[in-house]
Structure formats: C-alpha cells, structure tokens
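*Asks:* After the structure tokens below, expect a handful of questions from me.
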Amino acid sequence: MNIALIAHDKKKQDMVNFTTAYQYILKDHDLYATGTTGSRIREATGLDVHLFQSGPLGGDQQIGAMIANDEMDMVIFFRDPLTAQPHEPDISALMRLCDVYHIPLATNIAASEIFIRGLEKGDFQWREIVKLKKEQEKQA
Ligand SMILES: O=C(CO)COP(=O)(O)O
C-alpha cells in the first residue's frame, strides 16, 4: 500500500512518535511524505520515505496528484487546526481529492491509530481490488 504521511509543524513530534511506535507495520508499505515531515520520520525511524516538496512549496499538491492518479491508498495527515497555514488552499484541495477518490484520510492521531491497526489486520485490502479492477479496465 502507498501511504502518505503529513504533519503540520506543531504536530511533527506527534508524527515522529506515531511512526516510531508503528514502524513495524509501516516498514511493509511504500511511504510518501511532505518534505520536512518525511525528513523527521527518516531521521527518527530510519524508515524509507519518499520525500516530496515541503507542504507550503507544493508537497500537498504532489500528494494530491498521486491521489488523482489513484496511486495513493491512505493519507495520514496530522493537521494543526489552531494555526493558519499559508497554503490552506492546497490543504483543502488535498482533502477534497481524498473525498473525490474515496481515499481513507485520517486528520488526527486518534483516527490514525485506528487506521494503522486496520492496516495491520488487512482492513484496507479492498484498495488492491479497486486498483486491480482499474488496471483491468485500462487493458480492456
Ligand atoms: O505543510 C504541510 C502540510 O500541509 C507539511 O509540510 P512539511 O512536512 O514540509 O512541513
């Protein structure tokens, strides 16, 4: 599964703690992150994370592009609801695309805990079926 990991500045330590705690699950997946979040995760856990641009420089949009291509299976986004972000439109666009493409999106640590446990149990296998079906449709 392709998983996006994103955290606003005040939530980055939470993301480091989260990915450290669950690296035994995350290591079996392909991880993508906005620049600064991804660097922090790499540094703390040694996980292999593909880094996009930093969020304010287009990272949210790059993840959005993967969603639009149906290449992202889950988005874990620790948002900071108490701080204004200069790239708020990009953040809204990313969340909107998750809704357009029915991509599981967790926007806080409490929901993310449930996602990650579901991931461990195979609750998101349906994404593989969706992708396989799309692939078959393309070839037909
Ligand atoms: O701003 C972000 C998401 O909207 C996160 O970007 P960084 O991981 O580069 O800080």
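The way I read the labels, and the way they are meant: chains A, B, ... in the order of the structure tokens, residue 1 as the first residue of every chain, and ligand 1 as the first ligand shown, with later ones counted on from there.
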Residues contacting ligand 1 - anything with an atom at most 10 Å away, using only C-alpha atoms and all ligand atoms - can you give me those as a ChimeraX atom specification?

*Replies:* /A:5-12,33-41,51-61,77-80,85-92,94

*Asks:* Show me, as a list in words, the residues that have an atom within 8 Å of Leu105 of chain A when counting only C-alpha atoms, minus same-chain residues fewer than 2 positions from it.

*Replies:* Met74, Val75, Ile76, Phe77, Met95, Cys98, Ile103 and Thr107 of chain A

*Asks:* List every residue of segment 64-106 of chain A that has an atom at most 10 Å from any atom of segment 129-139 of chain A, and for each one report the closest atom pair and its distance in Å to one decimal, counting only C-alpha atoms, with rows sorted by chain and then by increasing residue number, as a tab-separated table.

*Replies:*
```
residue	atom	partner	partner_atom	distance
A:Asp70	CA	A:Lys131	CA	7.6
A:Glu71	CA	A:Lys131	CA	8.3
A:Asp73	CA	A:Lys131	CA	9.4
```

*Asks:* Which residues are close to Leu119 of chain A, i.e. within 10 Å by only C-alpha atoms, leaving aside same-chain residues fewer than 3 positions away? Reply as a list in words.

*Replies:* Met1, Ile25, Leu26, His29, Met74, Glu113, Ile114, Phe115, Ile116, Gly122, Asp123, Phe124 and Gln125 of chain A
